[in-house]
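Below: input28.cif (mmCIF, C-alpha atoms and all ligand atoms)
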data_final
loop_
_atom_site.label_atom_id
_atom_site.label_comp_id
_atom_site.auth_asym_id
_atom_site.auth_seq_id
_atom_site.Cartn_x
_atom_site.Cartn_y
_atom_site.Cartn_z
CA MET F 283 68.28 -16.79 -5.66
CA PRO F 284 69.28 -14.60 -2.75
CA LEU F 285 72.59 -13.48 -1.35
CA TYR F 286 72.46 -12.84 2.39
CA ILE F 287 75.17 -11.02 4.29
CA VAL F 288 75.25 -12.36 7.84
CA ARG F 289 77.43 -12.04 10.92
CA ASN F 290 78.24 -15.50 12.24
CA ASP F 291 80.84 -18.16 12.86
CA ILE F 292 80.89 -20.10 9.60
CA THR F 293 81.36 -23.43 11.40
CA LYS F 294 77.86 -23.00 12.85
CA MET F 295 76.12 -22.54 9.50
CA LYS F 296 73.54 -25.20 8.61
CA VAL F 297 74.05 -25.15 4.86
CA ASP F 298 74.92 -27.72 2.22
CA ALA F 299 78.48 -26.43 1.90
CA ILE F 300 80.74 -24.00 3.71
CA VAL F 301 83.81 -22.57 1.97
CA ASN F 302 87.20 -22.65 3.63
CA ALA F 303 89.89 -19.99 3.04
CA ALA F 304 92.74 -22.49 2.84
CA ASN F 305 96.37 -22.45 1.66
CA GLU F 306 97.86 -24.40 -1.27
CA SER F 307 98.80 -27.38 0.91
CA LEU F 308 95.19 -27.86 2.11
CA LEU F 309 96.69 -29.21 5.31
CA GLY F 310 95.16 -26.69 7.69
CA GLY F 311 96.33 -23.41 9.18
CA GLY F 312 95.09 -20.49 11.26
CA GLY F 313 92.07 -18.17 10.84
CA VAL F 314 88.88 -19.66 9.49
CA ASP F 315 90.84 -22.70 8.23
CA GLY F 316 91.84 -23.54 11.81
CA CYS F 317 88.25 -23.04 13.06
CA ILE F 318 86.83 -25.33 10.35
CA HIS F 319 89.36 -28.13 11.00
CA ARG F 320 88.77 -27.95 14.75
CA ALA F 321 85.00 -28.12 14.34
CA ALA F 322 85.05 -30.84 11.64
CA GLY F 323 87.44 -33.14 13.51
CA PRO F 324 90.61 -35.00 12.42
CA GLU F 325 88.84 -36.89 9.61
CA LEU F 326 88.80 -33.67 7.59
CA LEU F 327 92.60 -33.43 7.61
CA GLU F 328 92.81 -37.11 6.64
CA GLU F 329 90.69 -36.51 3.56
CA CYS F 330 92.59 -33.28 2.75
CA ARG F 331 95.87 -35.26 2.69
CA THR F 332 94.50 -37.29 -0.24
CA LEU F 333 93.80 -34.20 -2.38
CA GLY F 334 97.36 -33.25 -3.35
CA GLY F 335 96.94 -29.56 -2.55
CA CYS F 336 95.17 -26.88 -4.60
CA PRO F 337 96.50 -23.98 -6.70
CA THR F 338 95.56 -20.37 -5.86
CA GLY F 339 92.20 -19.43 -7.40
CA SER F 340 90.93 -23.04 -7.55
CA ALA F 341 88.77 -25.10 -5.21
CA LYS F 342 88.42 -28.71 -4.00
CA ILE F 343 85.64 -30.38 -2.07
CA THR F 344 85.55 -32.72 0.95
CA LYS F 345 82.90 -33.98 3.31
CA GLY F 346 81.94 -31.86 6.33
CA TYR F 347 82.34 -34.59 8.97
CA ARG F 348 81.30 -33.16 12.39
CA LEU F 349 80.19 -29.84 10.92
CA PRO F 350 76.48 -29.09 10.38
CA ALA F 351 77.40 -28.54 6.70
CA LYS F 352 77.48 -31.57 4.41
CA TYR F 353 80.54 -30.40 2.45
CA VAL F 354 83.57 -28.16 2.87
CA ILE F 355 84.81 -26.46 -0.28
CA HIS F 356 88.47 -25.52 0.15
CA THR F 357 89.64 -22.60 -1.95
CA VAL F 358 92.96 -20.77 -1.93
CA GLY F 359 92.82 -17.01 -2.08
CA PRO F 360 95.66 -14.78 -3.27
CA VAL F 361 98.12 -13.19 -0.84
CA TRP F 362 97.83 -9.40 -1.18
CA HIS F 363 100.99 -7.86 -2.68
CA GLY F 364 99.64 -4.39 -3.34
CA GLY F 365 97.08 -5.20 -6.05
CA GLY F 366 99.41 -5.38 -9.05
CA HIS F 367 99.83 -9.14 -9.05
CA ARG F 368 96.44 -10.23 -10.45
CA GLU F 369 95.09 -10.55 -6.91
CA LYS F 370 91.57 -9.51 -7.92
CA GLU F 371 91.41 -11.94 -10.84
CA LYS F 372 92.53 -14.78 -8.54
CA LEU F 373 90.01 -13.84 -5.85
CA VAL F 374 87.16 -13.72 -8.40
CA SER F 375 88.27 -17.16 -9.55
CA CYS F 376 88.07 -18.49 -5.95
CA TYR F 377 84.41 -17.49 -5.67
CA ARG F 378 83.52 -18.76 -9.15
CA SER F 379 85.30 -22.10 -8.77
CA SER F 380 83.70 -22.65 -5.36
CA LEU F 381 80.21 -21.83 -6.66
CA GLU F 382 80.65 -24.12 -9.67
CA LEU F 383 81.85 -26.94 -7.42
CA ALA F 384 78.87 -26.41 -5.11
CA ALA F 385 76.46 -26.53 -8.06
CA ALA F 386 78.15 -29.68 -9.41
CA HIS F 387 77.41 -31.34 -6.06
CA ASN F 388 73.77 -30.20 -6.10
CA CYS F 389 74.24 -27.82 -3.18
CA GLU F 390 71.36 -25.40 -2.73
CA THR F 391 72.88 -23.36 0.11
CA VAL F 392 76.50 -22.23 0.42
CA ALA F 393 78.28 -20.04 2.97
CA PHE F 394 81.49 -18.11 2.23
CA PRO F 395 83.88 -16.36 4.59
CA LEU F 396 85.69 -13.29 3.26
CA ILE F 397 88.43 -15.12 1.43
CA SER F 398 91.93 -13.58 1.66
CA ALA F 399 90.71 -10.83 3.99
CA GLY F 400 92.63 -12.09 7.05
CA VAL F 401 96.12 -13.58 7.10
CA TYR F 402 96.46 -12.95 3.33
CA ARG F 403 95.89 -9.20 3.94
CA TYR F 404 93.53 -8.42 1.00
CA PRO F 405 92.03 -5.02 1.99
CA LYS F 406 88.67 -5.84 3.57
CA ASP F 407 86.62 -3.24 1.71
CA GLN F 408 87.91 -4.49 -1.64
CA ALA F 409 87.53 -8.12 -0.57
CA ILE F 410 83.86 -7.53 0.25
CA GLN F 411 83.31 -5.76 -3.06
CA VAL F 412 84.82 -8.65 -5.03
CA ALA F 413 82.73 -11.16 -3.03
CA VAL F 414 79.44 -9.29 -3.44
CA ASP F 415 79.97 -8.53 -7.14
CA THR F 416 81.15 -12.03 -8.10
CA ILE F 417 78.51 -13.92 -6.13
CA GLY F 418 75.83 -11.47 -7.28
CA ALA F 419 76.73 -11.97 -10.95
CA TYR F 420 76.69 -15.75 -10.55
CA LEU F 421 73.30 -15.76 -8.85
CA ARG F 422 71.67 -13.94 -11.75
CA GLY F 423 71.93 -17.18 -13.72
CA HIS F 424 71.71 -19.85 -11.03
CA GLU F 425 69.30 -21.16 -8.41
CA LEU F 426 71.45 -21.13 -5.29
CA THR F 427 71.21 -19.41 -1.92
CA VAL F 428 74.50 -17.91 -0.76
CA TYR F 429 75.49 -16.54 2.63
CA LEU F 430 78.45 -14.18 2.88
CA VAL F 431 79.57 -14.64 6.46
CA VAL F 432 81.24 -11.62 7.97
CA TYR F 433 82.99 -12.38 11.22
CA ASP F 434 83.97 -8.96 12.45
CA LYS F 435 81.98 -5.78 12.07
CA SER F 436 85.14 -3.73 11.38
CA SER F 437 85.10 -5.27 7.89
CA PHE F 438 82.48 -2.67 7.08
CA GLN F 439 84.22 0.64 7.62
CA ILE F 440 81.83 3.44 6.99
CA GLY F 441 84.69 5.64 5.81
CA ARG F 442 85.34 3.62 2.71
CA GLU F 443 84.54 5.03 -0.67
CA ARG F 444 81.50 2.90 -1.54
CA LEU F 445 79.73 3.93 1.68
CA ALA F 446 80.98 7.47 2.23
CA GLY F 447 78.23 9.02 0.07
CA VAL F 448 75.59 6.96 1.86
CA ALA F 449 76.77 8.19 5.27
CA ALA F 450 76.61 11.82 4.11
CA TYR F 451 73.13 11.31 2.64
CA ILE F 452 71.87 9.80 5.91
CA ASP F 453 73.31 12.78 7.81
CA ASP F 454 71.44 15.15 5.53
CA HIS F 455 68.12 13.31 5.55
CA TYR F 456 67.73 11.40 8.78
CA VAL F 457 65.29 13.49 10.74
CA ASP F 458 64.63 13.58 14.43
CA VAL F 459 62.60 10.47 15.27
CA HIS F 460 59.93 12.28 17.27
CA THR F 461 59.35 14.97 14.70
CA ASP F 462 59.29 12.40 12.00
CA ALA F 463 56.97 9.95 13.71
CA ALA F 464 54.33 12.64 13.47
CA ALA F 465 55.24 13.32 9.85
CA GLU F 466 55.03 9.61 9.16
CA ARG F 467 51.54 9.43 10.65
CA GLN F 468 50.52 12.40 8.51
CA ARG F 469 51.96 10.74 5.44
CA PHE F 470 49.95 7.60 6.16
CA ALA F 471 46.84 9.66 6.78
CA ALA F 472 47.33 11.25 3.36
CA LEU F 473 47.54 7.90 1.62
CA PRO F 474 44.42 6.73 -0.17
CA ALA F 475 42.34 4.28 1.83
CA ASP F 476 42.85 0.60 1.06
CA PRO F 477 41.28 -0.18 -2.29
CA PRO F 478 38.22 -2.43 -2.36
CA PRO F 479 39.28 -6.09 -2.59
CA CYS F 480 37.71 -6.74 -5.95
CA ALA F 481 37.91 -4.75 -9.19
CA ALA F 482 34.30 -5.73 -9.97
CA THR F 483 33.11 -3.28 -7.30
CA ALA F 484 34.56 -0.29 -9.20
CA PRO F 485 31.88 2.05 -10.51
CA SER F 486 31.36 1.78 -14.27
CA ARG F 487 32.39 4.77 -16.43
CA PRO F 488 31.11 5.97 -19.79
CA PRO F 489 33.26 4.51 -22.59
CA GLN F 490 34.64 7.92 -23.56
CA ASP F 491 36.05 8.39 -20.06
CA ARG F 492 38.96 6.03 -20.73
CA SER F 493 41.70 7.76 -18.75
CA LEU F 494 39.50 7.97 -15.67
CA ASP F 495 38.67 4.29 -16.07
CA GLU F 496 42.36 3.47 -16.22
CA ALA F 497 43.05 5.60 -13.16
CA VAL F 498 40.32 3.85 -11.20
CA GLU F 499 41.60 0.46 -12.34
CA LYS F 500 45.07 1.35 -11.13
CA LEU F 501 43.69 2.45 -7.79
CA ASP F 502 42.04 -0.91 -7.46
CA GLU F 503 45.20 -2.80 -8.25
CA SER F 504 46.68 -4.85 -5.44
CA PHE F 505 50.43 -5.03 -4.77
CA SER F 506 50.63 -8.36 -6.54
CA GLN F 507 48.71 -7.10 -9.58
CA MET F 508 50.81 -3.96 -9.87
CA LEU F 509 54.00 -5.98 -9.53
CA LEU F 510 53.00 -8.41 -12.27
CA ARG F 511 51.84 -5.58 -14.53
CA LYS F 512 55.13 -3.76 -14.13
CA ILE F 513 57.15 -6.93 -14.76
CA GLY F 514 55.26 -7.25 -18.04
CA GLU F 515 55.71 -3.58 -18.93
CA LYS F 516 59.45 -3.81 -18.33
CA GLY F 517 59.67 -6.88 -20.56
CA MET F 518 61.18 -8.90 -17.73
CA THR F 519 60.60 -12.57 -16.97
CA ASP F 520 59.46 -13.54 -13.47
CA ALA F 521 62.82 -15.17 -12.80
CA GLN F 522 64.76 -12.08 -13.89
CA CYS F 523 62.68 -10.01 -11.53
CA TYR F 524 62.82 -12.15 -8.40
CA LYS F 525 66.54 -12.80 -8.85
CA LYS F 526 67.23 -9.10 -9.27
CA ALA F 527 65.10 -8.50 -6.16
CA ASN F 528 67.14 -11.03 -4.14
CA ILE F 529 63.88 -12.85 -3.54
CA ASP F 530 63.43 -16.55 -3.15
CA ARG F 531 61.47 -18.27 -5.96
CA LYS F 532 58.99 -19.78 -3.46
CA LEU F 533 58.11 -16.38 -2.01
CA PHE F 534 57.62 -15.01 -5.52
CA SER F 535 55.25 -17.88 -6.39
CA LYS F 536 53.22 -17.08 -3.28
CA ILE F 537 52.94 -13.43 -4.29
CA ARG F 538 52.05 -14.40 -7.85
CA SER F 539 49.28 -16.77 -6.82
CA ASP F 540 47.75 -14.62 -4.08
CA THR F 541 46.31 -11.38 -5.47
CA HIS F 542 45.97 -9.93 -1.98
CA TYR F 543 49.38 -10.92 -0.68
CA ARG F 544 50.77 -8.30 1.72
CA PRO F 545 54.57 -8.30 1.50
CA SER F 546 56.90 -6.96 4.18
CA LYS F 547 58.40 -3.54 3.55
CA PRO F 548 61.88 -4.91 2.65
CA THR F 549 60.22 -7.26 0.13
CA ALA F 550 58.19 -4.46 -1.43
CA MET F 551 61.32 -2.29 -1.63
CA ALA F 552 63.28 -5.14 -3.16
CA PHE F 553 60.77 -5.35 -6.02
CA ALA F 554 60.84 -1.58 -6.53
CA VAL F 555 64.62 -1.88 -6.92
CA ALA F 556 64.40 -4.91 -9.22
CA LEU F 557 61.95 -3.07 -11.47
CA GLU F 558 64.27 -0.05 -11.47
CA LEU F 559 61.40 2.24 -10.53
CA PRO F 560 62.07 5.93 -10.07
CA LEU F 561 61.29 7.22 -6.56
CA GLU F 562 57.73 8.28 -7.29
CA GLU F 563 56.77 4.91 -8.78
CA ALA F 564 58.62 3.08 -6.02
CA GLN F 565 56.55 5.05 -3.53
CA GLU F 566 53.40 4.00 -5.40
CA LEU F 567 54.33 0.30 -5.29
CA LEU F 568 55.15 0.54 -1.58
CA GLY F 569 51.81 2.25 -1.02
CA LYS F 570 50.06 -0.82 -2.45
CA ALA F 571 51.56 -2.82 0.42
CA GLY F 572 50.56 -0.17 2.96
CA PHE F 573 54.03 1.38 3.33
CA ALA F 574 55.78 4.62 2.47
CA PHE F 575 59.39 5.82 2.32
CA SER F 576 60.14 7.57 5.59
CA HIS F 577 62.98 9.82 6.64
CA ALA F 578 62.60 8.45 10.17
CA SER F 579 64.00 5.18 8.90
CA LYS F 580 67.68 4.85 8.09
CA SER F 581 67.03 1.89 5.83
CA ASP F 582 64.50 3.88 3.78
CA ILE F 583 66.99 6.71 3.37
CA ILE F 584 69.69 4.30 2.25
CA VAL F 585 67.41 2.70 -0.36
CA GLU F 586 66.27 6.15 -1.46
CA TYR F 587 69.93 7.21 -1.84
CA PHE F 588 70.58 4.41 -4.31
CA ILE F 589 67.33 4.84 -6.23
CA ALA F 590 67.90 8.59 -6.56
CA ARG F 591 71.28 7.82 -8.15
CA GLY F 592 69.83 5.22 -10.51
CA ASN F 593 71.87 2.50 -8.80
CA TYR F 594 69.58 -0.54 -8.68
CA ASN F 595 72.19 -3.09 -7.67
CA ILE F 596 70.47 -4.85 -4.77
CA TYR F 597 73.70 -6.41 -3.55
CA GLU F 598 75.37 -3.01 -3.22
CA ILE F 599 72.28 -1.68 -1.47
CA ASN F 600 72.34 -4.62 0.94
CA GLU F 601 76.03 -4.12 1.57
CA ALA F 602 75.26 -0.55 2.65
CA LEU F 603 72.24 -1.65 4.73
CA PHE F 604 74.40 -4.23 6.48
CA ALA F 605 77.10 -1.67 7.19
CA PHE F 606 74.52 0.54 8.90
CA ASP F 607 72.94 -2.36 10.84
CA GLN F 608 69.67 -2.30 8.90
CA SER F 609 67.52 -5.19 7.66
CA LEU F 610 68.48 -6.28 4.17
CA LEU F 611 66.19 -6.23 1.14
CA GLY F 612 64.69 -9.38 -0.30
CA GLY F 613 65.25 -12.83 1.08
N1 LIG J 701 83.79 -17.72 10.65
C1 LIG J 701 83.69 -16.81 9.66
N2 LIG J 701 84.73 -16.02 9.30
C2 LIG J 701 85.90 -16.16 9.97
C3 LIG J 701 86.07 -17.11 11.01
C4 LIG J 701 84.94 -17.91 11.34
N3 LIG J 701 85.00 -18.82 12.31
N4 LIG J 701 87.35 -17.00 11.48
C5 LIG J 701 87.95 -16.03 10.75
N5 LIG J 701 87.09 -15.51 9.86
P1 LIG J 701 91.67 -15.94 7.14
P2 LIG J 701 92.87 -15.74 4.45
C6 LIG J 701 87.29 -14.46 8.85
O1 LIG J 701 92.92 -15.40 7.75
O2 LIG J 701 93.09 -14.29 4.62
C7 LIG J 701 95.03 -19.65 7.12
O3 LIG J 701 96.14 -19.89 7.95
C8 LIG J 701 88.39 -13.46 9.10
O4 LIG J 701 87.94 -12.42 9.99
O5 LIG J 701 91.06 -17.11 7.81
O6 LIG J 701 92.30 -16.23 3.15
C9 LIG J 701 95.04 -20.54 5.88
O7 LIG J 701 95.56 -21.82 6.15
C10 LIG J 701 88.66 -12.95 7.71
O8 LIG J 701 87.74 -11.87 7.39
O9 LIG J 701 91.93 -16.40 5.59
C11 LIG J 701 95.89 -19.75 4.95
O10 LIG J 701 97.27 -20.00 5.19
C12 LIG J 701 88.31 -14.12 6.80
O11 LIG J 701 87.66 -15.08 7.63
C13 LIG J 701 95.58 -18.34 5.28
O12 LIG J 701 95.13 -18.34 6.62
C14 LIG J 701 89.52 -14.79 6.15
O13 LIG J 701 90.65 -14.75 7.02
C15 LIG J 701 94.44 -17.81 4.42
O14 LIG J 701 94.26 -16.44 4.69
#

Starting from the coordinates I provided, produce the structure as C-alpha cells.
Ligand code: AR6
Amino acid sequence: MPLYIVRNDITKMKVDAIVNAANESLLGGGGVDGCIHRAAGPELLEECRTLGGCPTGSAKITKGYRLPAKYVIHTVGPVWHGGGHREKEKLVSCYRSSLELAAAHNCETVAFPLISAGVYRYPKDQAIQVAVDTIGAYLRGHELTVYLVVYDKSSFQIGRERLAGVAAYIDDHYVDVHTDAAAERQRFAALPADPPPCAATAPSRPPQDRSLDEAVEKLDESFSQMLLRKIGEKGMTDAQCYKKANIDRKLFSKIRSDTHYRPSKPTAMAFAVALELPLEEAQELLGKAGFAFSHASKSDIIVEYFIARGNYNIYEINEALFAFDQSLLGG
C-alpha cells in the first residue's frame, strides 16, 4: 500500500495512529512530542505514566484522546552522536517497531514525523532516507497506508547527495515553457489516434501475416490491457505490481475491471516504474493513457532521470518529486 510524503502538522492528521518522537521517560517534552501532548490533552500524559518508559528503538501505544487519530504510538529515536553509535540501526528499529505495533492494533493508516531529526540532531537528509527506505521495505509485504509528515521544507535540501544529480538533470533538460508547449502539442499530434474501443473492429489479416496481426492487436490494446499483459510478461503478481507502484489496491481493482479505464498521468507513470520499463516502453504505456513524457514538465524530467538510470525505486522518486514541489507518483 502507498507511502505518501506530506507537509502538515501531525496532530491534524485523520489517521488510525500517529507516531510520536518521544524520549525514554515517555513523559512529554518539546518538539512534536510537546505538540502531540498539547493537542491530545492531559489524559495522554496520565496514560503515559502507566507505561514505565520505553527504551530507544522500541515503541509503545496509547489512545489518542482529543486527537483526530485513534492511537498514538510513542517511539524513542536515537540521539545523534556522529553516526558511529548504531544510530541508524536504532532509527530503523523505531520505524519497524512502530509499524508492527500499528499492524497489531489493526491500523490501516499511520502517520510518522521525522523521528530524531529535531532535538536529537539526526541529520535531516539521512533521517529522511532511513524513513523512506524502512517504511518502503515494510510496505512491500503489508497492507498499510503510511504518511511521512514533513513539517519544514528545509528538510529537503536540494544540495544533498541523493538529489544533486536530479537538480543537474533538470537544469540540462527543463526547456523554456513556451517553446516546449508547442513541442508538446506537436508530440501529441504525432501520437497515433485513440484506438477503436473494441478489438473486434480490427481488420482481419491473412494467417501468414502474424507480426502485422500482433502489431495491430497491440495498437488496439487499452491502458488496462497493456498493463495486465506486461504484469504477466514480467512474471509479477498484481499485488507485487500495485505495491511497487505505490498504488492503492482499490484503485488497481478498478483499473483491472475496467478495460477502458483512463488513469491520471502520475498513476500511469507509477505503473511504468513498477514494471521497470525502459524509457521507450514507458512512453508507450503512457501513450495508452493519452500522455507523453514532456520536457516542459519538471516531474516528467525527474521520473525520466530515474528511469534512465535504471532506478525504479518509487519511494526515492517520490522523495525527489516532493523536494521539487511536484505531485507524487501513485496513491
Ligand atoms: N508535526 C509534524 N512534525 C513536527 C511537528 C508537528 N507538529 N513538530 C515538530 N516536527 P523532534 P526528536 C518535526 O525534536 O529529534 C522531544 O523533546 C521536527 O521539525 O520533535 O526525535 C522529545 O521529548 C522534526 O523534523 O523529535 C525528545 O526528548 C521532527 O518532527 C526529543 O524531543 C522530530 O523533531 C526527541 O527529539

(Q) For F:Glu329, find every residue with an atom within 12 Å (counting only C-alpha atoms), except residues of its own chain fewer than 6 positions away, and show them as a ChimeraX atom specification. (A) /F:308-310,319,322-323,335,342-347,353-354,356

Q. Closest to F:Asp607 among F:Gly359, F:Cys376, F:Arg348, F:Ser579, using only C-alpha atoms?
A. F:Ser579

Q) F:Leu333, F:Ile355, F:Val431, F:Leu610: which is nearest F:Cys389, counting all atoms listed in the file? A) F:Ile355

(Q) Any residue with an atom at most 7 Å from ligand LIG 701 (chain J) counts, using all atoms listed in the file. Which are they? Put them as an MDAnalysis selection string. (A) chainID F and resid 290:293 303:305 310:317 358:359 395:404 431:434

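Minimum atom-to-atom distance to F:Tyr286, evaluated using all atoms listed in the file, belongs to F:Ile599 out of F:Ala321, F:Ala554, F:Leu445, F:Ile599.
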
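Every protein or nucleic acid residue with an atom no more than 10 Å from F:Lys547, counting all atoms listed in the file and leaving out same-chain residues fewer than 4 positions away, appears here: Met551, Ala552, Leu568, Gly569, Ala571, Gly572, Phe573, Ala574, Phe575, Asp582, Leu611 and Gly612 of chain F.
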
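Among F:Leu285, F:Thr338, F:Glu503, F:Asn302, the residue with the shortest atom-to-atom distance to F:Ala527, counting only C-alpha atoms, is F:Leu285.
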
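Of the listed residues F:Gly339, F:Lys352, F:Arg331, F:Asn595, the one whose atoms come nearest to F:Arg368 is F:Gly339, with distances taken using only C-alpha atoms.
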
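Of note, atom CA of F:Ala450 and atom CA of F:Val288 are spaced 24.5 Å apart.
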
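You will find atom CA of F:Val392 at 15.3 Å from atom CA of F:Asn528.
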
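Going from atom CA of F:Gly514 to atom CA of F:Asn593 covers 21.4 Å.
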
Just add N, CA and C atoms to stretch 339-356 of chain F and send it as an mmCIF file, in the coordinates of the input.
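Produced file rebuild_16.cif, reproduced below:
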data_model
loop_
_atom_site.group_PDB
_atom_site.id
_atom_site.type_symbol
_atom_site.label_atom_id
_atom_site.label_comp_id
_atom_site.auth_asym_id
_atom_site.auth_seq_id
_atom_site.Cartn_x
_atom_site.Cartn_y
_atom_site.Cartn_z
ATOM 1 N N GLY F 339 93.297 -19.742 -6.466
ATOM 2 C CA GLY F 339 92.200 -19.430 -7.400
ATOM 3 C C GLY F 339 91.319 -20.624 -7.698
ATOM 4 N N SER F 340 91.751 -21.839 -7.302
ATOM 5 C CA SER F 340 90.930 -23.040 -7.550
ATOM 6 C C SER F 340 90.257 -23.507 -6.262
ATOM 7 N N ALA F 341 89.499 -24.608 -6.375
ATOM 8 C CA ALA F 341 88.770 -25.100 -5.210
ATOM 9 C C ALA F 341 88.661 -26.623 -5.265
ATOM 10 N N LYS F 342 88.633 -27.257 -4.099
ATOM 11 C CA LYS F 342 88.420 -28.710 -4.000
ATOM 12 C C LYS F 342 87.404 -28.978 -2.904
ATOM 13 N N ILE F 343 86.736 -30.112 -3.010
ATOM 14 C CA ILE F 343 85.640 -30.380 -2.070
ATOM 15 C C ILE F 343 85.902 -31.619 -1.209
ATOM 16 N N THR F 344 85.481 -31.552 0.050
ATOM 17 C CA THR F 344 85.550 -32.720 0.950
ATOM 18 C C THR F 344 84.203 -32.820 1.676
ATOM 19 N N LYS F 345 84.085 -33.870 2.455
ATOM 20 C CA LYS F 345 82.900 -33.980 3.310
ATOM 21 C C LYS F 345 83.028 -33.017 4.487
ATOM 22 N N GLY F 346 81.928 -32.814 5.212
ATOM 23 C CA GLY F 346 81.940 -31.860 6.330
ATOM 24 C C GLY F 346 82.184 -32.516 7.686
ATOM 25 N N TYR F 347 82.115 -33.827 7.726
ATOM 26 C CA TYR F 347 82.340 -34.590 8.970
ATOM 27 C C TYR F 347 81.486 -34.057 10.131
ATOM 28 N N ARG F 348 82.110 -33.533 11.207
ATOM 29 C CA ARG F 348 81.300 -33.160 12.390
ATOM 30 C C ARG F 348 80.640 -31.786 12.261
ATOM 31 N N LEU F 349 80.827 -31.158 11.120
ATOM 32 C CA LEU F 349 80.190 -29.840 10.920
ATOM 33 C C LEU F 349 78.707 -30.015 10.591
ATOM 34 N N PRO F 350 77.885 -28.997 10.837
ATOM 35 C CA PRO F 350 76.480 -29.090 10.380
ATOM 36 C C PRO F 350 76.400 -29.092 8.850
ATOM 37 N N ALA F 351 77.412 -28.576 8.179
ATOM 38 C CA ALA F 351 77.400 -28.540 6.700
ATOM 39 C C ALA F 351 77.815 -29.908 6.150
ATOM 40 N N LYS F 352 77.189 -30.269 5.015
ATOM 41 C CA LYS F 352 77.480 -31.570 4.410
ATOM 42 C C LYS F 352 78.887 -31.602 3.775
ATOM 43 N N TYR F 353 79.240 -30.470 3.147
ATOM 44 C CA TYR F 353 80.540 -30.400 2.450
ATOM 45 C C TYR F 353 81.363 -29.205 2.940
ATOM 46 N N VAL F 354 82.690 -29.334 2.754
ATOM 47 C CA VAL F 354 83.570 -28.160 2.870
ATOM 48 C C VAL F 354 84.234 -27.976 1.506
ATOM 49 N N ILE F 355 84.121 -26.768 0.972
ATOM 50 C CA ILE F 355 84.810 -26.460 -0.280
ATOM 51 C C ILE F 355 86.046 -25.646 0.094
ATOM 52 N N HIS F 356 87.217 -26.177 -0.240
ATOM 53 C CA HIS F 356 88.470 -25.520 0.150
ATOM 54 C C HIS F 356 88.954 -24.707 -1.047
#
